[in-house]
file data38.txt (compact mmCIF, C-alpha atoms)
# COMPACT_ATOMS: atom_id res chain seq x y z
CA MET A 21 -15.36 -29.41 33.86
CA ASN A 22 -14.68 -26.32 31.75
CA ALA A 23 -15.95 -26.96 28.22
CA GLN A 24 -12.59 -26.01 26.72
CA ILE A 25 -10.77 -28.44 29.00
CA GLN A 26 -13.21 -31.14 27.91
CA LYS A 27 -12.51 -30.21 24.28
CA LEU A 28 -8.77 -30.43 24.91
CA TYR A 29 -9.19 -33.85 26.54
CA SER A 30 -11.37 -35.18 23.70
CA LYS A 31 -9.01 -33.99 20.96
CA ALA A 32 -5.95 -35.40 22.73
CA ALA A 33 -7.70 -38.77 22.97
CA LYS A 34 -8.43 -39.01 19.23
CA PRO A 35 -6.65 -41.83 17.38
CA GLU A 36 -5.54 -39.33 14.73
CA ARG A 37 -4.82 -35.68 15.47
CA PHE A 38 -4.38 -32.86 12.96
CA ILE A 39 -1.69 -30.49 14.20
CA ILE A 40 -0.26 -27.40 12.55
CA GLY A 41 3.40 -26.88 13.35
CA LEU A 42 4.84 -23.36 12.99
CA MET A 43 8.43 -22.19 12.69
CA SER A 44 9.88 -18.73 12.20
CA GLY A 45 13.65 -18.86 12.51
CA THR A 46 16.45 -16.36 12.86
CA SER A 47 16.52 -15.86 9.10
CA MET A 48 13.03 -14.28 9.34
CA ASP A 49 12.19 -15.25 5.76
CA GLY A 50 8.60 -16.11 6.66
CA LEU A 51 6.40 -18.42 8.72
CA ASP A 52 6.67 -22.13 7.91
CA ILE A 53 3.23 -23.72 8.28
CA ALA A 54 3.07 -27.53 8.31
CA LEU A 55 -0.25 -29.36 8.64
CA CYS A 56 0.44 -32.84 9.99
CA SER A 57 -1.54 -35.96 10.71
CA VAL A 58 -0.25 -37.58 13.90
CA LYS A 59 -1.11 -41.00 15.28
CA GLY A 60 0.31 -42.55 18.43
CA SER A 61 3.07 -41.07 20.58
CA GLY A 62 6.57 -41.81 21.75
CA PRO A 63 8.37 -44.50 19.70
CA ASP A 64 5.01 -45.43 18.15
CA THR A 65 4.50 -41.96 16.64
CA ASN A 66 3.35 -41.96 13.03
CA ILE A 67 3.43 -38.53 11.44
CA GLN A 68 2.53 -37.48 7.91
CA LEU A 69 3.05 -34.04 6.40
CA LEU A 70 -0.23 -33.25 4.63
CA LYS A 71 0.24 -29.62 3.61
CA PHE A 72 3.08 -27.13 3.76
CA LYS A 73 3.67 -23.53 2.83
CA THR A 74 5.78 -20.59 3.94
CA GLY A 75 3.68 -17.54 4.71
CA GLU A 76 5.65 -14.59 3.41
CA TYR A 77 6.59 -11.66 5.63
CA THR A 78 6.37 -8.15 4.29
CA ASP A 79 9.54 -6.06 4.33
CA ASP A 80 7.88 -3.78 6.89
CA PHE A 81 7.04 -6.67 9.22
CA ARG A 82 10.54 -8.11 8.89
CA ALA A 83 12.04 -4.70 9.70
CA LYS A 84 9.93 -4.47 12.85
CA ILE A 85 11.20 -7.87 14.03
CA LYS A 86 14.79 -6.86 13.31
CA ALA A 87 14.30 -3.74 15.42
CA VAL A 88 13.95 -5.94 18.54
CA PHE A 89 16.04 -8.92 17.42
CA SER A 90 19.32 -9.97 19.01
CA LYS A 91 20.04 -6.60 20.65
CA LYS A 92 20.95 -5.97 24.30
CA GLU A 93 19.26 -2.58 24.24
CA VAL A 94 15.87 -2.21 22.56
CA ASP A 95 12.65 -0.20 22.78
CA LEU A 96 10.78 -2.13 25.50
CA GLN A 97 7.43 -0.77 24.35
CA LEU A 98 8.11 -2.16 20.87
CA VAL A 99 9.00 -5.57 22.34
CA CYS A 100 5.70 -5.52 24.22
CA LEU A 101 3.72 -4.57 21.13
CA MET A 102 5.53 -7.03 18.86
CA ASN A 103 4.61 -9.91 21.17
CA GLU A 104 0.99 -9.34 20.16
CA HIS A 105 1.67 -8.14 16.60
CA ILE A 106 3.69 -11.24 15.68
CA ALA A 107 0.98 -13.51 17.08
CA ASN A 108 -1.76 -11.71 15.17
CA THR A 109 0.30 -11.85 11.96
CA HIS A 110 0.97 -15.57 12.42
CA ALA A 111 -2.71 -16.22 13.07
CA ALA A 112 -3.64 -14.37 9.88
CA LEU A 113 -1.11 -16.42 7.88
CA ILE A 114 -2.54 -19.65 9.33
CA ASN A 115 -6.10 -18.63 8.47
CA GLU A 116 -4.97 -17.71 4.96
CA ALA A 117 -3.20 -21.06 4.48
CA LEU A 118 -6.23 -23.03 5.64
CA LEU A 119 -8.44 -21.06 3.26
CA VAL A 120 -6.09 -21.79 0.35
CA TRP A 121 -5.98 -25.48 1.29
CA GLY A 122 -9.77 -25.67 1.59
CA ILE A 123 -9.58 -26.85 5.22
CA ARG A 124 -11.87 -25.56 7.96
CA ASN A 125 -10.28 -24.21 11.13
CA GLU A 126 -12.52 -26.46 13.22
CA ASP A 127 -11.03 -29.52 11.52
CA VAL A 128 -7.58 -28.70 12.91
CA ASP A 129 -7.08 -30.01 16.45
CA PHE A 130 -4.03 -28.08 17.61
CA ILE A 131 -1.45 -25.47 16.65
CA ALA A 132 2.17 -25.80 17.82
CA SER A 133 3.83 -22.40 17.65
CA HIS A 134 7.55 -21.84 18.11
CA GLY A 135 7.16 -18.06 18.09
CA GLN A 136 9.93 -15.67 17.06
CA THR A 137 13.21 -15.78 18.94
CA ILE A 138 14.38 -12.26 19.72
CA PHE A 139 17.20 -13.09 22.13
CA HIS A 140 19.04 -16.25 23.12
CA ALA A 141 21.29 -16.01 26.17
CA PRO A 142 22.89 -19.24 27.42
CA LYS A 143 25.32 -18.81 30.30
CA SER A 144 28.21 -19.57 27.94
CA LEU A 145 27.34 -16.30 26.19
CA HIS A 146 26.19 -13.94 28.95
CA GLN A 147 28.68 -15.25 31.57
CA LEU A 148 26.77 -13.66 34.47
CA ALA A 149 27.23 -15.84 37.55
CA ASP A 150 23.96 -14.88 39.24
CA TYR A 151 21.76 -15.59 36.20
CA PRO A 152 20.58 -18.84 34.57
CA ASN A 153 20.39 -19.77 30.90
CA GLY A 154 17.82 -17.62 29.13
CA THR A 155 15.94 -17.35 25.86
CA LEU A 156 12.96 -15.30 24.70
CA GLN A 157 10.45 -16.10 21.98
CA ILE A 158 7.56 -13.72 21.35
CA GLY A 159 4.27 -14.18 19.51
CA ASP A 160 1.72 -14.89 22.25
CA GLY A 161 -0.12 -18.22 22.07
CA ASP A 162 -3.40 -16.85 23.46
CA HIS A 163 -3.67 -14.41 20.57
CA ILE A 164 -3.13 -17.21 18.04
CA ALA A 165 -5.74 -19.39 19.76
CA ILE A 166 -8.34 -16.61 19.81
CA LYS A 167 -7.72 -15.47 16.23
CA THR A 168 -7.81 -19.01 14.76
CA GLY A 169 -10.23 -20.70 17.16
CA ILE A 170 -7.70 -23.54 17.55
CA ILE A 171 -6.11 -24.77 20.80
CA THR A 172 -2.49 -23.57 20.67
CA LEU A 173 0.68 -24.81 22.32
CA SER A 174 3.57 -22.35 22.46
CA ASP A 175 6.66 -21.19 24.35
CA PHE A 176 8.28 -24.63 24.16
CA ARG A 177 11.78 -23.61 25.17
CA GLN A 178 11.01 -22.45 28.71
CA LYS A 179 10.43 -25.96 30.11
CA HIS A 180 13.76 -27.00 28.61
CA LEU A 181 15.44 -24.13 30.47
CA ALA A 182 13.59 -24.81 33.70
CA ALA A 183 14.71 -28.45 33.64
CA GLY A 184 18.39 -27.55 33.23
CA GLY A 185 18.79 -27.22 29.46
CA GLU A 186 19.80 -24.18 27.43
CA GLY A 187 16.50 -23.88 25.56
CA ALA A 188 18.08 -25.21 22.36
CA PRO A 189 18.43 -27.15 20.25
CA LEU A 190 15.12 -28.98 20.62
CA ALA A 191 15.54 -31.08 17.49
CA VAL A 192 16.70 -34.08 19.54
CA TYR A 193 13.16 -34.73 20.75
CA GLY A 194 11.49 -34.81 17.35
CA ASP A 195 14.42 -36.31 15.45
CA TYR A 196 14.54 -39.32 17.74
CA LEU A 197 10.83 -40.06 17.23
CA MET A 198 10.71 -39.34 13.50
CA PHE A 199 14.01 -40.52 12.09
CA SER A 200 15.68 -43.18 14.24
CA LYS A 201 16.38 -46.46 12.45
CA ALA A 202 17.63 -49.66 14.04
CA GLY A 203 21.06 -50.66 12.76
CA GLU A 204 21.92 -47.30 11.15
CA ASP A 205 23.75 -44.41 12.79
CA ARG A 206 22.32 -41.13 11.52
CA VAL A 207 23.15 -37.45 11.80
CA MET A 208 20.24 -35.08 11.26
CA LEU A 209 21.96 -31.86 10.17
CA ASN A 210 19.85 -28.72 10.12
CA ILE A 211 21.54 -25.71 8.52
CA GLY A 212 19.38 -22.76 9.44
CA GLY A 213 20.65 -19.45 10.72
CA ILE A 214 22.59 -21.53 13.22
CA ALA A 215 23.70 -25.04 12.27
CA ASN A 216 22.84 -27.93 14.59
CA PHE A 217 22.73 -31.68 14.39
CA THR A 218 21.18 -34.60 16.21
CA TYR A 219 22.97 -37.94 16.52
CA LEU A 220 20.66 -40.94 16.28
CA PRO A 221 22.41 -44.22 17.14
CA GLY A 222 21.39 -47.37 15.32
CA SER A 223 21.10 -49.00 18.74
CA MET A 224 17.90 -46.93 19.30
CA ASP A 225 19.24 -46.15 22.79
CA ALA A 226 17.65 -42.81 23.75
CA SER A 227 20.32 -42.19 26.39
CA ALA A 228 22.95 -42.09 23.61
CA VAL A 229 21.04 -39.56 21.49
CA PHE A 230 22.21 -35.97 21.62
CA SER A 231 21.66 -32.71 19.78
CA THR A 232 23.89 -29.66 19.66
CA ASP A 233 24.43 -26.36 17.95
CA VAL A 234 27.78 -26.28 16.19
CA GLY A 235 28.10 -22.67 15.00
CA PRO A 236 26.85 -20.39 12.23
CA GLY A 237 24.89 -21.85 9.38
CA ASN A 238 23.48 -19.08 7.21
CA THR A 239 23.27 -16.21 9.68
CA LEU A 240 26.60 -14.49 8.95
CA MET A 241 26.27 -14.96 5.20
CA ASP A 242 22.70 -13.65 5.23
CA GLN A 243 23.57 -10.64 7.37
CA TYR A 244 26.49 -9.78 5.10
CA MET A 245 24.40 -10.13 1.92
CA GLN A 246 21.67 -7.91 3.33
CA LYS A 247 24.11 -5.18 4.29
CA HIS A 248 26.48 -5.19 1.30
CA PHE A 249 24.36 -6.52 -1.58
CA ASN A 250 20.83 -5.56 -0.50
CA LEU A 251 19.82 -9.17 -1.08
CA PHE A 252 18.15 -11.38 1.49
CA TYR A 253 20.60 -14.24 0.95
CA ASP A 254 23.23 -15.52 -1.49
CA LYS A 255 21.00 -17.54 -3.82
CA ASN A 256 22.83 -20.58 -5.20
CA ALA A 257 26.04 -19.16 -3.67
CA ALA A 258 26.26 -16.86 -6.70
CA VAL A 259 28.38 -14.29 -4.86
CA ALA A 260 30.51 -16.69 -2.80
CA LEU A 261 31.41 -18.71 -5.89
CA THR A 262 32.97 -15.63 -7.50
CA GLY A 263 35.23 -15.05 -4.47
CA LYS A 264 38.15 -16.86 -2.89
CA ALA A 265 38.34 -17.91 0.74
CA ASN A 266 40.99 -16.04 2.74
CA PRO A 267 42.99 -18.35 5.08
CA GLN A 268 43.89 -15.55 7.51
CA LEU A 269 40.30 -14.40 7.96
CA LEU A 270 39.07 -17.99 8.22
CA SER A 271 41.60 -18.70 10.97
CA SER A 272 40.50 -15.59 12.85
CA LEU A 273 36.82 -16.50 12.54
CA LEU A 274 37.56 -19.94 13.98
CA ASP A 275 39.37 -18.41 16.98
CA CYS A 276 36.42 -18.44 19.39
CA ASN A 277 35.94 -20.11 22.77
CA PHE A 278 32.54 -21.43 21.70
CA PHE A 279 34.12 -24.02 19.43
CA GLY A 280 36.03 -25.55 22.34
CA LEU A 281 32.98 -26.00 24.57
CA ASP A 282 31.70 -29.52 25.20
CA PHE A 283 28.58 -30.82 23.48
CA PRO A 284 25.69 -30.19 23.77
CA LYS A 285 25.88 -26.42 23.49
CA THR A 286 23.87 -23.63 21.97
CA THR A 287 24.49 -20.26 20.39
CA GLY A 288 22.86 -17.65 18.16
CA PRO A 289 23.25 -14.40 16.22
CA GLU A 290 23.93 -12.74 19.57
CA LEU A 291 27.48 -14.11 19.09
CA PHE A 292 27.80 -14.73 15.35
CA ASN A 293 26.95 -11.37 13.82
CA LEU A 294 28.57 -8.68 11.69
CA GLU A 295 30.39 -7.29 14.72
CA TYR A 296 32.02 -10.71 15.13
CA LEU A 297 33.10 -10.58 11.48
CA ILE A 298 34.50 -7.05 11.78
CA LYS A 299 36.58 -8.02 14.81
CA ALA A 300 37.92 -11.05 12.94
CA GLN A 301 38.84 -8.90 9.94
CA LYS A 302 40.67 -6.42 12.11
CA ALA A 303 42.54 -9.18 13.95
CA SER A 304 43.58 -10.81 10.66
CA LEU A 305 44.37 -7.52 8.84
CA THR A 306 41.82 -8.40 6.14
CA THR A 307 39.57 -5.33 6.24
CA ASN A 308 40.35 -4.60 2.57
CA LEU A 309 39.11 -7.94 1.24
CA SER A 310 36.62 -7.81 -1.60
CA GLU A 311 33.03 -8.47 -0.61
CA GLU A 312 33.04 -11.61 -2.76
CA ASP A 313 36.10 -12.95 -0.92
CA VAL A 314 34.44 -12.25 2.41
CA MET A 315 31.36 -14.19 1.33
CA ALA A 316 33.47 -17.11 0.15
CA THR A 317 35.30 -17.12 3.48
CA LEU A 318 32.05 -17.02 5.47
CA CYS A 319 30.78 -20.03 3.51
CA HIS A 320 34.01 -21.90 4.27
CA PHE A 321 33.66 -20.86 7.93
CA SER A 322 30.20 -22.45 8.21
CA ALA A 323 31.39 -25.61 6.46
CA GLU A 324 34.50 -25.87 8.63
CA THR A 325 32.59 -25.54 11.91
CA ILE A 326 30.01 -28.14 10.87
CA ALA A 327 32.64 -30.60 9.62
CA ASN A 328 34.85 -30.10 12.68
CA ALA A 329 31.94 -30.84 15.02
CA ILE A 330 31.04 -34.06 13.18
CA LYS A 331 34.70 -35.17 13.20
CA ARG A 332 34.96 -34.36 16.88
CA CYS A 333 32.01 -36.63 17.60
CA PHE A 334 32.67 -39.45 15.14
CA GLY A 335 36.38 -39.30 14.37
CA MET A 336 38.48 -37.83 11.57
CA ASP A 337 37.21 -40.47 9.14
CA ALA A 338 33.57 -40.09 10.24
CA ARG A 339 31.30 -42.54 8.40
CA VAL A 340 27.67 -41.68 9.09
CA GLN A 341 24.54 -41.00 7.11
CA VAL A 342 23.97 -37.22 7.14
CA PHE A 343 20.42 -36.08 6.43
CA MET A 344 20.25 -32.35 5.74
CA SER A 345 17.47 -29.82 6.21
CA GLY A 346 17.24 -26.04 6.46
CA GLY A 347 18.10 -23.27 4.03
CA GLY A 348 21.82 -24.10 3.95
CA MET A 349 21.16 -27.36 2.12
CA HIS A 350 20.25 -25.23 -0.92
CA ASN A 351 23.70 -23.59 -0.94
CA PRO A 352 25.70 -25.64 -3.47
CA LEU A 353 29.10 -24.34 -2.31
CA LEU A 354 28.39 -25.12 1.33
CA VAL A 355 27.20 -28.64 0.50
CA LYS A 356 30.21 -29.29 -1.77
CA LEU A 357 32.59 -28.13 0.97
CA LEU A 358 30.93 -30.44 3.49
CA GLN A 359 31.21 -33.39 1.11
CA THR A 360 34.90 -32.60 0.58
CA LYS A 361 35.65 -32.22 4.29
CA LEU A 362 33.67 -35.34 5.22
CA PRO A 363 34.47 -37.69 2.31
CA PHE A 364 33.29 -40.87 4.05
CA CYS A 365 29.87 -39.50 4.99
CA ASN A 366 26.84 -40.01 2.78
CA PHE A 367 24.88 -36.76 2.36
CA LEU A 368 21.11 -37.00 1.86
CA THR A 369 18.14 -34.82 2.82
CA THR A 370 15.08 -35.52 4.93
CA ASP A 371 13.21 -35.78 1.62
CA ASP A 372 14.76 -39.26 1.52
CA LEU A 373 12.85 -39.94 4.76
CA ASN A 374 9.56 -38.56 3.41
CA ILE A 375 9.73 -35.21 5.23
CA ASN A 376 10.14 -32.03 3.18
CA PRO A 377 13.46 -30.57 4.44
CA ASP A 378 12.05 -27.04 4.37
CA ALA A 379 9.16 -28.16 6.57
CA LYS A 380 11.19 -30.22 9.03
CA GLU A 381 11.51 -27.61 11.78
CA ALA A 382 7.78 -26.84 11.71
CA VAL A 383 6.98 -30.57 11.81
CA LEU A 384 9.25 -30.86 14.85
CA PHE A 385 6.98 -28.57 16.85
CA ALA A 386 3.92 -30.59 15.86
CA ILE A 387 5.75 -33.62 17.30
CA LEU A 388 6.63 -31.74 20.51
CA ALA A 389 3.01 -30.69 20.95
CA ASN A 390 1.79 -34.24 20.37
CA GLU A 391 4.11 -35.55 23.09
CA THR A 392 2.84 -32.95 25.56
CA LEU A 393 -0.76 -33.86 24.78
CA CYS A 394 -0.53 -37.63 24.38
CA GLY A 395 2.93 -38.87 25.33
CA LYS A 396 5.34 -38.79 28.20
CA PRO A 397 8.93 -37.62 28.67
CA ILE A 398 11.48 -39.73 26.80
CA ASN A 399 14.31 -40.89 29.05
CA PHE A 400 17.42 -39.34 27.56
CA GLY A 401 19.44 -40.25 30.65
CA ASP A 402 20.97 -37.89 33.19
CA ARG A 403 23.11 -35.88 30.79
CA GLN A 404 23.37 -32.14 31.27
CA GLY A 405 21.53 -30.18 28.60
CA VAL A 406 19.10 -32.90 27.47
CA PRO A 407 16.31 -32.91 30.07
CA SER A 408 13.63 -35.60 29.79
CA VAL A 409 10.60 -33.32 29.59
CA CYS A 410 7.49 -32.53 27.55
CA MET A 411 7.23 -28.91 26.48
CA GLY A 412 4.75 -26.21 25.53
CA LYS A 413 2.17 -24.03 27.26
CA ILE A 414 -1.48 -24.53 26.32
CA SER A 415 -3.75 -21.66 25.23
CA LEU A 416 -7.49 -22.19 24.87
CA PRO A 417 -9.49 -20.23 22.28
CA GLU A 418 -12.32 -19.36 24.70
call {"tool": "encode", "arguments": {"input": "data38.txt", "output": "structure tokens"}}
result
Amino acid sequence: MNAQIQKLYSKAAKPERFIIGLMSGTSMDGLDIALCSVKGSGPDTNIQLLKFKTGEYTDDFRAKIKAVFSKKEVDLQLVCLMNEHIANTHAALINEALLVWGIRNEDVDFIASHGQTIFHAPKSLHQLADYPNGTLQIGDGDHIAIKTGIITLSDFRQKHLAAGGEGAPLAVYGDYLMFSKAGEDRVMLNIGGIANFTYLPGSMDASAVFSTDVGPGNTLMDQYMQKHFNLFYDKNAAVALTGKANPQLLSSLLDCNFFGLDFPKTTGPELFNLEYLIKAQKASLTTNLSEEDVMATLCHFSAETIANAIKRCFGMDARVQVFMSGGGMHNPLLVKLLQTKLPFCNFLTTDDLNINPDAKEAVLFAILANETLCGKPINFGDRQGVPSVCMGKISLPE
């Protein structure tokens, strides 16, 4: 047997595995690095977040990602080079984090790398009859494995596509194992660039669990802030709180076929971008709105789409426990609007479940890797879009 295969087998068989989960989302604010201790698998999974940090991206690195991000026409050579460059950068950030934490690379069993999404193309978006659902994450796993010396799992979304899903959201798999509780219906709401939630029934019936994107979370607000205010995001909703939501623009923003599609569904900045906003402003004759009013309206837009999706699933007087994570949970206006629109829901964060909300997405990939190594596919039933699969390609460091 190849020595690296033997090493993989031995590590997977350990009673406790140390796995680093990585997440770099559409906001591109940095690389979330979560060192986890994982015991068991499936419903018996016990995971603890031991260390967490966000490795900061330089402005130059972020600009290079944006040059190939969410565009139909890009420099193919740059895409090719960024696949390696992103992986090398992520590996350097991992090595730096381990050094700061005083942990040896050889004491980490596995890395679970999401990579960097540069294009997401479900059929509902591309509408090309001869082509399947598609998504592309770059940041090659082999490069991370070689540069860190740690067995790396990556490219998780492709198995989801191959088995009939849309490649997203993947939160359903980790949320079910980490956060289900008998007797309590829960909604795990992640407000990243795109907002998505997972429904966890108190019955613990995996076939009733589902996860779906619902629309924009922070992506439109962030894009607008970067263009018009030269700020990465609207910290504490400082700009939006000085504006007033415009009903005509809000109505135009909500006029999109995506919101009428059945759950589960997926989307991305390929749809919800500044071009989408400009079209909505032209259609609603609101091109002369102040920038503050536009920001207020975009915040209301995100809140409305999230609240509408929860009401659609659980009724107009939805009464569920909502556990938030992602950058949007730090936006006080967005959270206040959600509480107003969903008055019978109880809003908490995953901190109340002992998982740092900012680390949750990175922890998810550690869970996905653990299932591929030690578990088996969870039976989510025969529903379209939620295939019962384990995910992630394995890269060996030698």
call {"tool": "residues_around", "arguments": {"input": "data38.txt", "residues": "A:Asp160", "least_positions_apart": "5", "cutoff": "6 Å", "atoms": "all atoms listed in the file", "output": "PDB file with C-alpha atoms, in the frame of the given file"}}
result
ATOM      1  CA  ASN A 103       4.610  -9.910  21.170  1.00  0.00           C
ATOM      2  CA  GLU A 104       0.990  -9.340  20.160  1.00  0.00           C
ATOM      3  CA  ALA A 107       0.980 -13.510  17.080  1.00  0.00           C
TER       4      ALA A 107
END
call {"tool": "closest_residue", "arguments": {"input": "data38.txt", "among": "A:Leu70, A:Ala87, A:Val99, A:Cys410", "to": "A:Leu393", "atoms": "only C-alpha atoms"}}
result
A:Cys410
call {"tool": "axis_aligned_box", "arguments": {"input": "data38.txt", "around": "stretch 371-378 of chain A", "padding_each_side": "8 Å", "output": "AutoDock Vina command-line options"}}
result
--center_x 12.2 --center_y -33.5 --center_z 3.4 --size_x 21.2 --size_y 28.9 --size_z 19.7
call {"tool": "atom_distance", "arguments": {"input": "data38.txt", "atom1": "atom CA of A:Arg339", "atom2": "atom CA of A:Leu357"}}
result
16.3 Å
call {"tool": "closest_residue", "arguments": {"input": "data38.txt", "among": "A:Asp80, A:Ile85, A:Ser133, A:Asn115", "to": "A:Val383", "atoms": "only C-alpha atoms"}}
result
A:Ser133
call {"tool": "residues_around", "arguments": {"input": "data38.txt", "residues": "A:Tyr29", "least_positions_apart": "4", "cutoff": "12 Å", "atoms": "all atoms listed in the file", "output": "ChimeraX atom specification"}}
result
/A:21-25,33-34,129-130,171,393-394,416
call {"tool": "closest_residue", "arguments": {"input": "data38.txt", "among": "A:Gly41, A:Gly346, A:Glu76, A:Val229", "to": "A:Leu173", "atoms": "only C-alpha atoms"}}
result
A:Gly41
call {"tool": "closest_atom_pairs", "arguments": {"input": "data38.txt", "of": "stretch 22-103 of chain A", "to": "stretch 249-263 of chain A", "cutoff": "12 Å", "atoms": "all atoms listed in the file", "output": "tab-separated table"}}
result
residue	atom	partner	partner_atom	distance
A:Ser47	CA	A:Phe252	CA	9.0
A:Met48	CA	A:Phe252	CA	9.8
A:Asp49	CA	A:Phe252	CA	8.3
A:Gly50	CA	A:Phe252	CA	11.8
A:Asp79	CA	A:Phe252	CA	10.5
A:Arg82	CA	A:Phe252	CA	11.1
call {"tool": "closest_residue", "arguments": {"input": "data38.txt", "among": "A:Leu98, A:Ile330, A:Ile39, A:Leu291", "to": "A:Glu391", "atoms": "only C-alpha atoms"}}
result
A:Ile39
call {"tool": "closest_residue", "arguments": {"input": "data38.txt", "among": "A:Val314, A:Leu269, A:Ala226, A:Leu55", "to": "A:Lys302", "atoms": "only C-alpha atoms"}}
result
A:Leu269
call {"tool": "closest_residue", "arguments": {"input": "data38.txt", "among": "A:Lys285, A:Arg124, A:Lys167, A:His105", "to": "A:Ser144", "atoms": "all atoms listed in the file"}}
result
A:Lys285
call {"tool": "residues_near_point", "arguments": {"input": "data38.txt", "point": "(21.5, -8.4, 17.5)", "cutoff": "7 Å", "atoms": "all atoms listed in the file", "output": "PDB file with C-alpha atoms, in the coordinates of the input"}}
result
ATOM      1  CA  PHE A  89      16.040  -8.920  17.420  1.00  0.00           C
ATOM      2  CA  SER A  90      19.320  -9.970  19.010  1.00  0.00           C
ATOM      3  CA  LYS A  91      20.040  -6.600  20.650  1.00  0.00           C
ATOM      4  CA  PRO A 289      23.250 -14.400  16.220  1.00  0.00           C
ATOM      5  CA  GLU A 290      23.930 -12.740  19.570  1.00  0.00           C
TER       6      GLU A 290
END
call {"tool": "atom_distance", "arguments": {"input": "data38.txt", "atom1": "atom CA of A:Thr369", "atom2": "atom CA of A:Ala202"}}
result
18.6 Å
call {"tool": "atom_distance", "arguments": {"input": "data38.txt", "atom1": "atom CA of A:Gln301", "atom2": "atom CA of A:Gly235"}}
result
18.2 Å
call {"tool": "residues_around", "arguments": {"input": "data38.txt", "residues": "A:Asn153", "least_positions_apart": "3", "cutoff": "6 Å", "atoms": "all atoms listed in the file", "output": "ChimeraX atom specification"}}
result
/A:142-143,186
call {"tool": "write_last_selection", "arguments": {"input": "data38.txt", "atoms": "C-alpha atoms", "output": "PDB file, in the frame of the given file"}}
result
ATOM      1  CA  PRO A 142      22.890 -19.240  27.420  1.00  0.00           C
ATOM      2  CA  LYS A 143      25.320 -18.810  30.300  1.00  0.00           C
ATOM      3  CA  GLU A 186      19.800 -24.180  27.430  1.00  0.00           C
TER       4      GLU A 186
END
call {"tool": "residues_around", "arguments": {"input": "data38.txt", "residues": "A:Cys276", "least_positions_apart": "5", "cutoff": "12 Å", "atoms": "all atoms listed in the file", "output": "list in words"}}
result
Ser144, Leu145, Gly235, Leu270, Ser271, Leu281, Leu291, Phe292, Tyr296, Leu297, Lys299, Ala300 and Thr325 of chain A
call {"tool": "residues_near_point", "arguments": {"input": "data38.txt", "point": "(-2.5, -15.8, 15.0)", "cutoff": "6 Å", "atoms": "all atoms listed in the file", "output": "VMD selection string"}}
result
chain A and resid 107 to 112 163 to 164 167
call {"tool": "residues_around", "arguments": {"input": "data38.txt", "residues": "A:Leu209", "least_positions_apart": "5", "cutoff": "10 Å", "atoms": "only C-alpha atoms", "output": "PyMOL selection string"}}
result
chain A and resi 191+215-219+231-233+326+330+341-346+348-349+367-370
